[in-house]
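> To be precise about what I am sending: the file is called structure_16.txt and holds compact mmCIF, C-alpha atoms.
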```txt
# COMPACT_ATOMS: atom_id res chain seq x y z
CA MET L 1 -25.59 -2.86 -0.04
CA PRO L 2 -22.67 -0.60 0.97
CA ALA L 3 -23.37 3.13 1.15
CA LYS L 4 -20.91 6.02 1.39
CA HIS L 5 -21.39 9.68 2.23
CA LEU L 6 -19.17 12.09 0.27
CA ALA L 7 -18.39 15.75 0.90
CA VAL L 8 -16.60 17.08 -2.19
CA HIS L 9 -14.46 20.21 -1.74
CA GLY L 10 -12.97 22.60 -4.27
CA ARG L 11 -14.46 24.31 -7.30
CA VAL L 12 -17.44 21.99 -7.55
CA GLN L 13 -20.47 24.29 -7.77
CA GLY L 14 -21.47 25.98 -11.02
CA VAL L 15 -19.39 23.51 -13.05
CA TRP L 16 -22.01 20.78 -13.70
CA TYR L 17 -20.69 18.54 -10.92
CA ARG L 18 -24.15 17.38 -9.81
CA GLY L 19 -25.18 16.54 -13.37
CA TRP L 20 -21.94 14.64 -13.84
CA ALA L 21 -22.54 12.76 -10.58
CA VAL L 22 -26.04 11.72 -11.64
CA GLU L 23 -24.85 10.45 -15.04
CA THR L 24 -21.85 8.64 -13.57
CA ALA L 25 -23.76 7.02 -10.72
CA ARG L 26 -26.52 5.83 -13.03
CA ALA L 27 -23.98 4.42 -15.51
CA LEU L 28 -22.39 2.47 -12.65
CA GLY L 29 -25.76 1.15 -11.45
CA LEU L 30 -25.61 3.08 -8.16
CA THR L 31 -28.44 4.61 -6.18
CA GLY L 32 -28.50 7.63 -3.90
CA TRP L 33 -28.46 11.40 -4.31
CA VAL L 34 -26.32 14.51 -4.78
CA ARG L 35 -26.81 18.16 -3.78
CA ASN L 36 -25.00 21.46 -3.36
CA ARG L 37 -24.30 22.67 0.15
CA GLY L 38 -24.43 26.26 1.30
CA ASP L 39 -20.74 26.08 2.26
CA GLY L 40 -19.69 25.55 -1.37
CA THR L 41 -19.23 21.79 -1.21
CA VAL L 42 -21.17 19.09 -3.01
CA GLU L 43 -22.64 16.33 -0.86
CA ALA L 44 -23.58 12.88 -2.11
CA VAL L 45 -24.66 9.49 -0.84
CA VAL L 46 -23.88 6.58 -3.14
CA ALA L 47 -25.04 3.00 -2.60
CA GLY L 48 -24.60 -0.21 -4.52
CA ASP L 49 -21.99 -2.77 -5.44
CA ALA L 50 -18.78 -2.11 -3.47
CA ALA L 51 -16.60 -2.06 -6.60
CA ALA L 52 -18.93 0.42 -8.32
CA VAL L 53 -19.00 2.67 -5.23
CA SER L 54 -15.19 2.62 -5.15
CA ARG L 55 -15.03 3.48 -8.84
CA PHE L 56 -17.47 6.38 -8.38
CA ILE L 57 -15.34 7.77 -5.54
CA ALA L 58 -12.17 7.45 -7.65
CA GLU L 59 -13.79 9.25 -10.59
CA ALA L 60 -15.31 11.89 -8.28
CA HIS L 61 -11.78 13.17 -7.59
CA CYS L 62 -11.81 14.51 -11.16
CA GLY L 63 -15.51 15.07 -11.88
CA PRO L 64 -16.45 17.10 -14.97
CA ALA L 65 -13.79 19.01 -16.93
CA ALA L 66 -14.47 22.42 -15.30
CA ALA L 67 -14.33 21.08 -11.72
CA ARG L 68 -11.25 21.36 -9.51
CA VAL L 69 -11.64 18.87 -6.66
CA THR L 70 -9.26 19.54 -3.77
CA ALA L 71 -10.51 16.87 -1.34
CA ILE L 72 -13.29 14.37 -0.73
CA ASP L 73 -14.32 13.36 2.76
CA VAL L 74 -15.73 9.83 2.62
CA SER L 75 -17.56 8.11 5.45
CA ASP L 76 -19.71 5.02 5.82
CA CYS L 77 -23.43 5.49 6.18
CA PRO L 78 -26.18 3.03 7.02
CA PRO L 79 -27.54 1.00 4.12
CA GLN L 80 -30.54 2.74 2.60
CA ASP L 81 -33.12 1.79 0.01
CA PHE L 82 -33.02 4.47 -2.69
CA ASP L 83 -35.12 4.60 -5.83
CA GLY L 84 -32.46 5.41 -8.44
CA PHE L 85 -29.99 8.29 -8.24
CA GLY L 86 -31.04 11.92 -8.38
CA GLN L 87 -30.44 15.52 -7.37
CA ARG L 88 -31.76 17.03 -4.17
CA PRO L 89 -32.26 20.72 -3.37
CA THR L 90 -29.37 22.72 -1.93
CA ALA L 91 -28.99 22.37 1.84
```
Reformat the file's structure so that it appears as C-alpha cells.

Amino acid sequence: MPAKHLAVHGRVQGVWYRGWAVETARALGLTGWVRNRGDGTVEAVVAGDAAAVSRFIAEAHCGPAAARVTAIDVSDCPPQDFDGFGQRPTA
C-alpha cells in the first residue's frame, strides 16, 4: 500500500485544514494522520490506493476555502499499517 509524507506550506493553520484533511482522506478510503507543526506547516502521512493518494495530494493544493497553500513537499515513506485516518497533536 503506497504511503506519502506531505509537508503543506502557506496559510494552513487556523483555517480548518486538518479537519478538511481528515474528511477528505476518509472519503477517499485512505489511512494515516495529519498534524500541525510548530513551524506553521501542516504535516500528513497518507496511505492507500495509489490513485486515491494522488487525488488527495492534488486536492491538498487547495484544501478548505480559507487556506492558501503555497507549496507541498511530497516524499515516499515506508508502507505502514494505520487504523483509519486521524489527527495527531502538534509537533
> Counting only C-alpha atoms, find residues at most 9 Å from (-22.2, 18.7, -7.2) (file frame) and give them as a list in words.
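Result, sorted by chain then residue number: Val8, Val12, Gln13, Gly14, Val15, Trp16, Tyr17, Arg18, Gly19, Trp20, Ala21, Val34, Arg35, Asn36, Arg37, Thr41, Val42, Glu43, Ala44, Gly63 and Gln87 of chain L.
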> Might you pull out every residue within 9 Å of Pro78 of chain L, with all atoms listed in the file counted and same-chain residues fewer than 5 positions away left off, and present them as a ChimeraX atom specification?
/L:2-4
> Within 10 Å of (-16.5, 12.2, 0.9) (file coordinates; all atoms listed in the file), which protein or nucleic acid residues are there? I'd like them as a PyMOL selection string.
chain L and resi 4-9+42-45+57+60-61+71-76
> Please list as a ChimeraX atom specification every residue within 10 Å of Asp81 of chain L, counting only C-alpha atoms and excluding residues in the same chain fewer than 4 positions away.
/L:1,3,31-32,47-48
> What is the atom CA of Ala58 of chain L to atom CA of Gly10 of chain L distance in Å?
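Value for the atom CA of Ala58 of chain L-atom CA of Gly10 of chain L distance: 15.5 Å.
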> Which is closest to Gly86 of chain L among L:Ala51, L:Leu30, L:Arg11, L:Thr70, if we use all atoms listed in the file?
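For Gly86 of chain L, the nearest of the candidates is L:Leu30.
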> Pick from L:Gly40, L:Cys77, L:Leu28, L:Val69: nearest to Arg55 of chain L, with all atoms listed in the file counted?
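Smallest distance to Arg55 of chain L is found for L:Leu28.
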